[in-house]
Every structure is written in C-alpha cells, then in structure tokens.
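Coordinates as given in final-v1.cif (mmCIF, C-alpha atoms):
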```cif
data_final
#
loop_
_atom_site.label_atom_id
_atom_site.label_comp_id
_atom_site.auth_asym_id
_atom_site.auth_seq_id
_atom_site.Cartn_x
_atom_site.Cartn_y
_atom_site.Cartn_z
CA MET A 1 -7.71 1.46 -6.88
CA ARG A 2 -8.12 -1.20 -4.23
CA VAL A 3 -7.23 0.13 -0.79
CA GLY A 4 -8.26 -2.50 1.78
CA TRP A 5 -10.21 -5.67 2.43
CA GLU A 6 -10.45 -8.45 4.99
CA LEU A 7 -9.63 -12.15 4.74
CA LYS A 8 -10.64 -14.79 7.29
CA LEU A 9 -8.35 -17.80 7.63
CA GLY A 10 -10.02 -20.06 10.14
CA GLU A 11 -9.63 -18.23 13.44
CA LYS A 12 -7.25 -15.62 12.00
CA ARG A 13 -8.28 -12.34 10.42
CA GLY A 14 -6.02 -10.51 8.03
CA ALA A 15 -6.24 -6.97 6.69
CA PHE A 16 -5.06 -6.72 3.09
CA PHE A 17 -4.21 -3.40 1.45
CA SER A 18 -2.97 -2.47 -2.01
CA ASP A 19 -2.76 0.37 -4.50
CA ALA A 20 -2.98 3.30 -2.09
CA HIS A 21 -0.35 5.21 -4.12
CA MET A 22 0.66 7.33 -1.13
CA TYR A 23 2.54 10.62 -1.41
CA GLU A 24 3.60 12.54 -4.45
CA SER A 25 7.17 12.13 -5.59
CA GLN A 26 9.27 14.99 -6.90
CA ASP A 27 9.76 13.49 -10.33
CA PRO A 28 8.34 15.50 -13.27
CA LEU A 29 5.12 13.48 -13.34
CA HIS A 30 4.34 13.48 -9.61
CA ARG A 31 5.42 16.89 -8.34
CA ASP A 32 3.08 19.17 -6.39
CA LEU A 33 -0.08 20.42 -8.11
CA GLU A 34 1.50 23.83 -8.54
CA GLY A 35 3.41 23.68 -11.78
CA LYS A 36 1.21 21.04 -13.36
CA ASN A 37 0.93 21.83 -17.04
CA THR A 38 -1.68 19.39 -18.33
CA ALA A 39 -5.06 18.11 -17.27
CA GLY A 40 -3.55 14.60 -17.15
CA GLU A 41 -0.91 15.66 -14.63
CA LYS A 42 -3.58 17.24 -12.44
CA ILE A 43 -5.73 14.09 -12.61
CA ILE A 44 -2.77 11.96 -11.48
CA ALA A 45 -1.91 14.30 -8.61
CA ASN A 46 -5.53 14.42 -7.44
CA ALA A 47 -5.81 10.62 -7.66
CA ILE A 48 -2.71 10.26 -5.47
CA LYS A 49 -4.18 12.64 -2.88
CA ASP A 50 -7.51 10.76 -3.03
CA GLY A 51 -5.66 7.45 -2.51
CA GLU A 52 -3.94 8.85 0.58
CA ASN A 53 -7.27 9.94 2.07
CA ARG A 54 -8.98 6.61 1.31
CA PHE A 55 -6.06 4.66 2.77
CA ILE A 56 -6.21 6.63 6.02
CA LEU A 57 -9.98 6.10 6.23
CA THR A 58 -9.48 2.38 5.58
CA LEU A 59 -6.86 2.15 8.33
CA GLU A 60 -9.19 3.94 10.73
CA GLU A 61 -12.05 1.58 9.86
CA ALA A 62 -9.84 -1.51 10.30
CA GLU A 63 -8.65 -0.14 13.63
CA ARG A 64 -12.27 0.49 14.71
CA ILE A 65 -13.34 -3.04 13.79
CA GLY A 66 -10.31 -4.50 15.57
CA LYS A 67 -9.43 -8.16 16.10
CA ILE A 68 -6.99 -8.18 13.18
CA ASP A 69 -4.18 -10.71 13.55
CA PHE A 70 -1.90 -9.63 10.68
CA SER A 71 -1.70 -7.23 7.77
CA PHE A 72 -0.43 -7.61 4.23
CA PHE A 73 0.36 -4.79 1.84
CA GLY A 74 0.09 -5.93 -1.76
CA GLY A 75 2.16 -3.32 -3.55
CA ASP A 76 1.86 0.19 -4.94
CA MET A 77 1.46 1.58 -1.46
CA VAL A 78 3.99 4.40 -1.91
CA THR A 79 4.34 6.28 -5.20
CA GLY A 80 7.89 5.92 -6.43
CA TYR A 81 10.01 8.06 -8.70
CA GLY A 82 7.98 7.64 -11.89
CA GLU A 83 8.77 4.37 -13.62
CA ARG A 84 11.98 3.95 -11.57
CA GLY A 85 10.55 2.92 -8.19
CA LEU A 86 11.63 4.15 -4.77
CA ILE A 87 14.90 5.81 -5.79
CA GLY A 88 13.80 9.46 -5.85
CA PRO A 89 15.17 12.16 -3.58
CA ASP A 90 12.04 12.02 -1.41
CA SER A 91 11.47 8.24 -1.44
CA LEU A 92 12.93 7.53 2.01
CA ASP A 93 10.81 10.31 3.52
CA HIS A 94 7.70 8.80 1.92
CA ILE A 95 8.55 5.35 3.25
CA ALA A 96 9.07 6.78 6.75
CA LYS A 97 5.73 8.64 6.61
CA PHE A 98 3.94 5.51 5.40
CA ARG A 99 5.45 3.31 8.13
CA GLN A 100 4.73 5.94 10.79
CA LEU A 101 1.09 6.02 9.70
CA LEU A 102 0.89 2.21 10.00
CA ASP A 103 2.52 2.23 13.41
CA GLU A 104 0.09 4.89 14.65
CA HIS A 105 -2.87 2.65 13.78
CA PHE A 106 -1.38 -0.83 14.34
CA PRO A 107 1.76 -0.56 16.47
CA LYS A 108 1.91 -4.27 17.42
CA LEU A 109 0.35 -5.86 14.35
CA PRO A 110 2.67 -8.01 12.17
CA LYS A 111 3.07 -6.31 8.80
CA ARG A 112 4.18 -7.93 5.56
CA TYR A 113 4.73 -6.29 2.20
CA MET A 114 4.81 -7.19 -1.47
CA ALA A 115 6.70 -4.93 -3.85
CA GLY A 116 4.63 -3.34 -6.58
CA GLY A 117 5.81 -1.49 -9.65
CA HIS A 118 5.66 1.84 -7.85
CA GLU A 119 8.08 0.51 -5.24
CA ILE A 120 10.66 -1.23 -7.45
CA GLY A 121 10.00 0.28 -10.90
CA TYR A 122 7.96 -0.82 -13.89
CA ILE A 123 7.98 -0.88 -17.66
CA LEU A 124 4.80 -0.28 -19.64
CA PRO A 125 4.24 -0.77 -23.38
CA LEU A 126 4.30 3.04 -23.80
CA SER A 127 7.08 3.75 -21.29
CA THR A 128 9.23 6.74 -22.16
CA ASP A 129 11.79 6.66 -19.34
CA PRO A 130 14.95 4.89 -20.58
CA GLU A 131 15.95 4.32 -16.93
CA GLY A 132 12.51 3.00 -15.93
CA GLY A 133 11.85 -0.50 -14.69
CA PRO A 134 13.04 -2.59 -11.76
CA SER A 135 16.62 -1.97 -10.68
CA GLU A 136 18.97 -3.40 -8.09
CA ARG A 137 18.90 -0.01 -6.37
CA SER A 138 15.10 0.20 -6.12
CA ILE A 139 14.85 -3.42 -4.94
CA GLN A 140 17.52 -2.77 -2.30
CA VAL A 141 15.60 0.28 -1.02
CA PHE A 142 12.47 -1.87 -0.76
CA GLU A 143 14.27 -4.70 1.03
CA ASP A 144 16.06 -2.33 3.41
CA ASN A 145 12.78 -0.69 4.42
CA PHE A 146 10.16 -3.46 4.20
CA ASN A 147 11.15 -7.09 3.63
CA GLN A 148 12.59 -9.41 1.00
CA ILE A 149 11.13 -9.07 -2.49
CA PHE A 150 10.16 -12.76 -2.56
CA TYR A 151 9.48 -14.85 0.53
CA THR A 152 6.92 -17.01 2.32
CA PHE A 153 4.97 -16.57 5.52
CA SER A 154 2.41 -18.63 7.36
CA GLU A 155 -0.71 -17.70 9.27
CA GLY A 156 -2.30 -20.63 11.03
CA ARG A 157 -2.37 -23.53 8.63
CA TYR A 158 -2.11 -21.27 5.56
CA LYS A 159 1.14 -20.56 3.75
CA PHE A 160 1.61 -17.54 1.49
CA VAL A 161 4.21 -17.37 -1.28
CA VAL A 162 5.00 -13.75 -2.17
CA LEU A 163 6.67 -13.01 -5.52
CA SER A 164 7.43 -9.95 -7.63
CA SER A 165 5.49 -9.88 -10.90
CA ASP A 166 7.63 -6.94 -12.08
CA LEU A 167 10.73 -9.06 -11.63
CA GLU A 168 9.08 -12.07 -13.29
CA LEU A 169 8.04 -10.03 -16.36
CA LEU A 170 11.52 -8.58 -16.81
CA LYS A 171 12.93 -9.46 -20.23
CA SER A 172 16.34 -7.82 -19.87
CA GLY A 173 18.47 -6.00 -17.33
CA SER A 174 21.79 -6.06 -15.54
CA ASP A 175 23.42 -9.39 -14.76
CA ALA A 176 22.57 -8.91 -11.07
CA LEU A 177 18.92 -8.20 -11.87
CA MET A 178 18.60 -11.21 -14.17
CA LYS A 179 20.27 -13.38 -11.50
CA ARG A 180 17.69 -12.12 -8.99
CA LYS A 181 14.92 -13.07 -11.44
CA GLN A 182 16.42 -16.56 -11.75
CA LEU A 183 16.64 -16.87 -7.96
CA GLN A 184 12.96 -15.96 -7.66
CA GLU A 185 12.03 -18.61 -10.24
CA GLU A 186 14.05 -21.25 -8.36
CA PHE A 187 12.56 -20.11 -5.05
CA TYR A 188 9.03 -20.45 -6.47
CA LYS A 189 9.70 -23.95 -7.85
CA ASP A 190 11.19 -25.04 -4.53
CA GLU A 191 8.26 -23.64 -2.53
CA ILE A 192 5.61 -25.18 -4.79
CA THR A 193 7.42 -28.55 -4.80
CA TYR A 194 7.85 -28.41 -1.02
CA THR A 195 4.27 -27.35 -0.36
#
```
Output the structure of this file as structure tokens.
Amino acid sequence: MRVGWELKLGEKRGAFFSDAHMYESQDPLHRDLEGKNTAGEKIIANAIKDGENRFILTLEEAERIGKIDFSFFGGDMVTGYGERGLIGPDSLDHIAKFRQLLDEHFPKLPKRYMAGGHEIGYILPLSTDPEGGPSERSIQVFEDNFNQIFYTFSEGRYKFVVLSSDLELLKSGSDALMKRKQLQEEFYKDEITYT
C-alpha cells in the first residue's frame, strides 16, 4: 500500500498519495470488525484501519514539511462498496470525511484526483459479484465529488494526462459505459497528438 510521496517539478513540489483505502464500507466484505466470520475478513478490516492511520500520519508529515504547491490522489483513497465502487449506502459519508480530512490539513492546496477501482468499481479474475465493475453510477458519484474521470492538468511546464485504467480495461458494459471508454481513448489520442 503506497500512501504518500513527493515529486519535485522544477520549482514546484507536489504531494502524491494513493492506496490509502480509507473507511470501511457496509458491504458484506467491509463491514465493522464485529460480525467478521473469517480470518481473511479480519485481515482486510485491519488493513483498512491501518491504511487510515498511515494516511493521516502522511498528511501530518506533509503538512509539517510544508512548501507543497499541489496534491494528487492516485486512486483507491476511499474504500467503495466491494467491487462496485462508491455506490454504497455510506459512500457519500466516506467521501465527505475524506475531503474534510484533506481540508483540515491543506485548506488552500489545489487537489486533483484519479479514480481507482475502489472508487468506480473493478473486476478481478476471481470476481464473484455479478454487479461488480465500473458503472455509470459509480463514475457519476466520483465526478460529482472529485473531478472528471479523465482530464489533464499542468504544473509549471509539466502536463499530466489522467486516465482511468479500470475504464480502459473494460471489455463489456452498458452502451453509455462503452461510449465513455471510447471517449477516453479519443481524449488520450488527442492529448498525446497535441502534446
């Protein structure tokens, strides 16, 4: 689990974070420790709690060091509803808690986000959830609360192209989801050609 690191871009300093896996969701896999039936479920719940603690310590350390010009969150920051992403009954509360934590440490710092599988849904080779994977609903929740799922931003003379690997790896889905995948592919080609 990678929680935070620093990148220097000329005179600019960026704080990059990923894989904090904040907050337990109320889906059967990520509910509170009470009621866990297997050792595997307990390991997952403890890992989520450990990720929360490490993320807070990392934020505090970045705040102590200071002189950070921007931050980037590289996905899997908030644990979604199992394989379905941020569509659970507690997802909006988790997003609000996560953003409040960021604003407490870096109220004026520009923040940019990349959607990970835990935010928009994912499919694994051994997935068992027939409703798992990226969905228009989970993507909309992400975009309503963070930023677009694919976009560019610049810091100094550096340009970043942010894409969704979960969307790119999608082999099937609704017409709207496949159209979104096509739009991302066209966006990427345009950005690379333009750059």
To one decimal place in Å, what is the distance between atom CA of Ser174 of chain A and atom CA of Arg137 of chain A?
11.4 Å
Nearest to Met77 of chain A: which of A:Ala15, A:Ile192, A:Leu177, A:Ala20 is it, counting all atoms listed in the file?
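Closest to Met77 of chain A, using all atoms listed in the file: A:Ala20.
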Name the residues that the PyMOL selection byres ((chain A and resi 103-120) around 7) picks from the file above, as a ChimeraX atom specification, using the file's chain letters and numbers.
/A:59,63,69-76,78-80,84-86,99-102,121-122,134-135,138-139,142,146-147,149,162,164,166
Work out how far atom CA of Asn145 of chain A is from atom CA of Asp93 of chain A, in Å to one decimal.
11.2 Å
Provide the atom CA of Val141 of chain A to atom CA of Ser127 of chain A distance in Å, to one decimal place.
22.3 Å
Residue nearest Thr152 of chain A among A:Thr193, A:Asn46, A:Phe187, A:Lys97 (counting all atoms listed in the file):
A:Phe187
Here is a test: counting all atoms listed in the file, which residue of A:Ile56, A:Leu124, A:Ala176, A:Leu163 is nearest to Glu83 of chain A?
A:Leu124
Write out as lines of an AutoDock Vina configuration file an axis-aligned box for segment 67-78 of chain A: all of its atoms listed in the file, 5 Å added on each side, centre and edge lengths in Å with one decimal.
```
center_x = -2.7
center_y = -3.2
center_z = 5.6
size_x = 23.4
size_y = 25.1
size_z = 31.0
```
Decode the PyMOL selection byres ((chain A and resi 168) around 8) for the given file into explicit residues and return them as a PDB file with C-alpha atoms, in the frame of the given file.
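Written output follows (part-v5.pdb):
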```pdb
ATOM      1  CA  SER A 164       7.430  -9.950  -7.630  1.00  0.00           C
ATOM      2  CA  SER A 165       5.490  -9.880 -10.900  1.00  0.00           C
ATOM      3  CA  ASP A 166       7.630  -6.940 -12.080  1.00  0.00           C
ATOM      4  CA  LEU A 167      10.730  -9.060 -11.630  1.00  0.00           C
ATOM      5  CA  LEU A 169       8.040 -10.030 -16.360  1.00  0.00           C
ATOM      6  CA  LEU A 170      11.520  -8.580 -16.810  1.00  0.00           C
ATOM      7  CA  LYS A 181      14.920 -13.070 -11.440  1.00  0.00           C
ATOM      8  CA  GLN A 184      12.960 -15.960  -7.660  1.00  0.00           C
ATOM      9  CA  GLU A 185      12.030 -18.610 -10.240  1.00  0.00           C
TER      10      GLU A 185
END
```
Final N, CA and C atoms of segment 118-154 of chain A as a PDB file, keeping the file's coordinate frame:
```pdb
ATOM      1  N   HIS A 118       5.340   0.502  -8.343  1.00  0.00           N
ATOM      2  CA  HIS A 118       5.660   1.840  -7.850  1.00  0.00           C
ATOM      3  C   HIS A 118       6.764   1.797  -6.793  1.00  0.00           C
ATOM      4  N   GLU A 119       6.993   0.638  -6.202  1.00  0.00           N
ATOM      5  CA  GLU A 119       8.080   0.510  -5.240  1.00  0.00           C
ATOM      6  C   GLU A 119       9.410   0.145  -5.905  1.00  0.00           C
ATOM      7  N   ILE A 120       9.386  -0.776  -6.874  1.00  0.00           N
ATOM      8  CA  ILE A 120      10.660  -1.230  -7.450  1.00  0.00           C
ATOM      9  C   ILE A 120      10.859  -0.808  -8.902  1.00  0.00           C
ATOM     10  N   GLY A 121       9.892  -0.156  -9.512  1.00  0.00           N
ATOM     11  CA  GLY A 121      10.000   0.280 -10.900  1.00  0.00           C
ATOM     12  C   GLY A 121       9.179  -0.614 -11.811  1.00  0.00           C
ATOM     13  N   TYR A 122       8.794  -0.066 -12.946  1.00  0.00           N
ATOM     14  CA  TYR A 122       7.960  -0.820 -13.890  1.00  0.00           C
ATOM     15  C   TYR A 122       8.229  -0.347 -15.306  1.00  0.00           C
ATOM     16  N   ILE A 123       7.879  -1.200 -16.245  1.00  0.00           N
ATOM     17  CA  ILE A 123       7.980  -0.880 -17.660  1.00  0.00           C
ATOM     18  C   ILE A 123       6.612  -1.153 -18.276  1.00  0.00           C
ATOM     19  N   LEU A 124       6.090  -0.158 -18.964  1.00  0.00           N
ATOM     20  CA  LEU A 124       4.800  -0.280 -19.640  1.00  0.00           C
ATOM     21  C   LEU A 124       5.037  -0.314 -21.151  1.00  0.00           C
ATOM     22  N   PRO A 125       4.049  -0.775 -21.926  1.00  0.00           N
ATOM     23  CA  PRO A 125       4.240  -0.770 -23.380  1.00  0.00           C
ATOM     24  C   PRO A 125       4.560   0.631 -23.939  1.00  0.00           C
ATOM     25  N   LEU A 126       4.057   1.684 -23.310  1.00  0.00           N
ATOM     26  CA  LEU A 126       4.300   3.040 -23.800  1.00  0.00           C
ATOM     27  C   LEU A 126       5.294   3.802 -22.921  1.00  0.00           C
ATOM     28  N   SER A 127       6.122   3.097 -22.166  1.00  0.00           N
ATOM     29  CA  SER A 127       7.080   3.750 -21.290  1.00  0.00           C
ATOM     30  C   SER A 127       8.020   4.646 -22.086  1.00  0.00           C
ATOM     31  N   THR A 128       8.339   5.791 -21.505  1.00  0.00           N
ATOM     32  CA  THR A 128       9.230   6.740 -22.160  1.00  0.00           C
ATOM     33  C   THR A 128      10.513   6.966 -21.383  1.00  0.00           C
ATOM     34  N   ASP A 129      10.614   6.451 -20.179  1.00  0.00           N
ATOM     35  CA  ASP A 129      11.790   6.660 -19.340  1.00  0.00           C
ATOM     36  C   ASP A 129      12.820   5.573 -19.648  1.00  0.00           C
ATOM     37  N   PRO A 130      13.956   5.924 -20.259  1.00  0.00           N
ATOM     38  CA  PRO A 130      14.950   4.890 -20.580  1.00  0.00           C
ATOM     39  C   PRO A 130      15.566   4.246 -19.339  1.00  0.00           C
ATOM     40  N   GLU A 131      15.419   4.892 -18.179  1.00  0.00           N
ATOM     41  CA  GLU A 131      15.950   4.320 -16.930  1.00  0.00           C
ATOM     42  C   GLU A 131      14.837   3.689 -16.087  1.00  0.00           C
ATOM     43  N   GLY A 132      13.633   3.580 -16.655  1.00  0.00           N
ATOM     44  CA  GLY A 132      12.510   3.000 -15.930  1.00  0.00           C
ATOM     45  C   GLY A 132      12.648   1.497 -15.787  1.00  0.00           C
ATOM     46  N   GLY A 133      11.852   0.935 -14.904  1.00  0.00           N
ATOM     47  CA  GLY A 133      11.850  -0.500 -14.690  1.00  0.00           C
ATOM     48  C   GLY A 133      12.535  -0.882 -13.399  1.00  0.00           C
ATOM     49  N   PRO A 134      12.383  -2.130 -12.989  1.00  0.00           N
ATOM     50  CA  PRO A 134      13.040  -2.590 -11.760  1.00  0.00           C
ATOM     51  C   PRO A 134      14.552  -2.411 -11.865  1.00  0.00           C
ATOM     52  N   SER A 135      15.171  -2.100 -10.738  1.00  0.00           N
ATOM     53  CA  SER A 135      16.620  -1.970 -10.680  1.00  0.00           C
ATOM     54  C   SER A 135      17.115  -2.550  -9.366  1.00  0.00           C
ATOM     55  N   GLU A 136      18.384  -2.908  -9.336  1.00  0.00           N
ATOM     56  CA  GLU A 136      18.970  -3.400  -8.090  1.00  0.00           C
ATOM     57  C   GLU A 136      18.817  -2.345  -6.996  1.00  0.00           C
ATOM     58  N   ARG A 137      18.991  -1.091  -7.360  1.00  0.00           N
ATOM     59  CA  ARG A 137      18.900  -0.010  -6.370  1.00  0.00           C
ATOM     60  C   ARG A 137      17.501   0.088  -5.780  1.00  0.00           C
ATOM     61  N   SER A 138      16.467   0.078  -6.632  1.00  0.00           N
ATOM     62  CA  SER A 138      15.100   0.200  -6.120  1.00  0.00           C
ATOM     63  C   SER A 138      14.706  -1.020  -5.287  1.00  0.00           C
ATOM     64  N   ILE A 139      15.139  -2.196  -5.704  1.00  0.00           N
ATOM     65  CA  ILE A 139      14.850  -3.420  -4.940  1.00  0.00           C
ATOM     66  C   ILE A 139      15.546  -3.353  -3.582  1.00  0.00           C
ATOM     67  N   GLN A 140      16.788  -2.871  -3.566  1.00  0.00           N
ATOM     68  CA  GLN A 140      17.520  -2.770  -2.300  1.00  0.00           C
ATOM     69  C   GLN A 140      16.831  -1.798  -1.347  1.00  0.00           C
ATOM     70  N   VAL A 141      16.331  -0.670  -1.870  1.00  0.00           N
ATOM     71  CA  VAL A 141      15.600   0.280  -1.020  1.00  0.00           C
ATOM     72  C   VAL A 141      14.371  -0.400  -0.433  1.00  0.00           C
ATOM     73  N   PHE A 142      13.646  -1.154  -1.257  1.00  0.00           N
ATOM     74  CA  PHE A 142      12.470  -1.870  -0.760  1.00  0.00           C
ATOM     75  C   PHE A 142      12.866  -2.856   0.330  1.00  0.00           C
ATOM     76  N   GLU A 143      13.876  -3.677   0.063  1.00  0.00           N
ATOM     77  CA  GLU A 143      14.270  -4.700   1.030  1.00  0.00           C
ATOM     78  C   GLU A 143      14.846  -4.095   2.316  1.00  0.00           C
ATOM     79  N   ASP A 144      15.525  -2.988   2.210  1.00  0.00           N
ATOM     80  CA  ASP A 144      16.060  -2.330   3.410  1.00  0.00           C
ATOM     81  C   ASP A 144      14.963  -1.750   4.288  1.00  0.00           C
ATOM     82  N   ASN A 145      13.821  -1.394   3.681  1.00  0.00           N
ATOM     83  CA  ASN A 145      12.780  -0.690   4.420  1.00  0.00           C
ATOM     84  C   ASN A 145      11.525  -1.521   4.690  1.00  0.00           C
ATOM     85  N   PHE A 146      11.356  -2.633   4.004  1.00  0.00           N
ATOM     86  CA  PHE A 146      10.160  -3.460   4.200  1.00  0.00           C
ATOM     87  C   PHE A 146      10.546  -4.900   4.505  1.00  0.00           C
ATOM     88  N   ASN A 147      10.718  -5.704   3.493  1.00  0.00           N
ATOM     89  CA  ASN A 147      11.150  -7.090   3.630  1.00  0.00           C
ATOM     90  C   ASN A 147      11.691  -7.574   2.305  1.00  0.00           C
ATOM     91  N   GLN A 148      12.061  -8.847   2.244  1.00  0.00           N
ATOM     92  CA  GLN A 148      12.590  -9.410   1.000  1.00  0.00           C
ATOM     93  C   GLN A 148      11.558  -9.247  -0.117  1.00  0.00           C
ATOM     94  N   ILE A 149      12.037  -9.260  -1.346  1.00  0.00           N
ATOM     95  CA  ILE A 149      11.130  -9.070  -2.490  1.00  0.00           C
ATOM     96  C   ILE A 149      10.346 -10.347  -2.794  1.00  0.00           C
ATOM     97  N   PHE A 150      10.924 -11.510  -2.472  1.00  0.00           N
ATOM     98  CA  PHE A 150      10.160 -12.760  -2.560  1.00  0.00           C
ATOM     99  C   PHE A 150      10.439 -13.572  -1.313  1.00  0.00           C
ATOM    100  N   TYR A 151       9.371 -14.152  -0.758  1.00  0.00           N
ATOM    101  CA  TYR A 151       9.480 -14.850   0.530  1.00  0.00           C
ATOM    102  C   TYR A 151       8.180 -15.599   0.797  1.00  0.00           C
ATOM    103  N   THR A 152       8.148 -16.347   1.881  1.00  0.00           N
ATOM    104  CA  THR A 152       6.920 -17.010   2.320  1.00  0.00           C
ATOM    105  C   THR A 152       6.624 -16.580   3.751  1.00  0.00           C
ATOM    106  N   PHE A 153       5.355 -16.709   4.118  1.00  0.00           N
ATOM    107  CA  PHE A 153       4.970 -16.570   5.520  1.00  0.00           C
ATOM    108  C   PHE A 153       3.744 -17.429   5.752  1.00  0.00           C
ATOM    109  N   SER A 154       3.540 -17.784   6.997  1.00  0.00           N
ATOM    110  CA  SER A 154       2.410 -18.630   7.360  1.00  0.00           C
ATOM    111  C   SER A 154       1.548 -17.928   8.386  1.00  0.00           C
TER     112      SER A 154
END
```
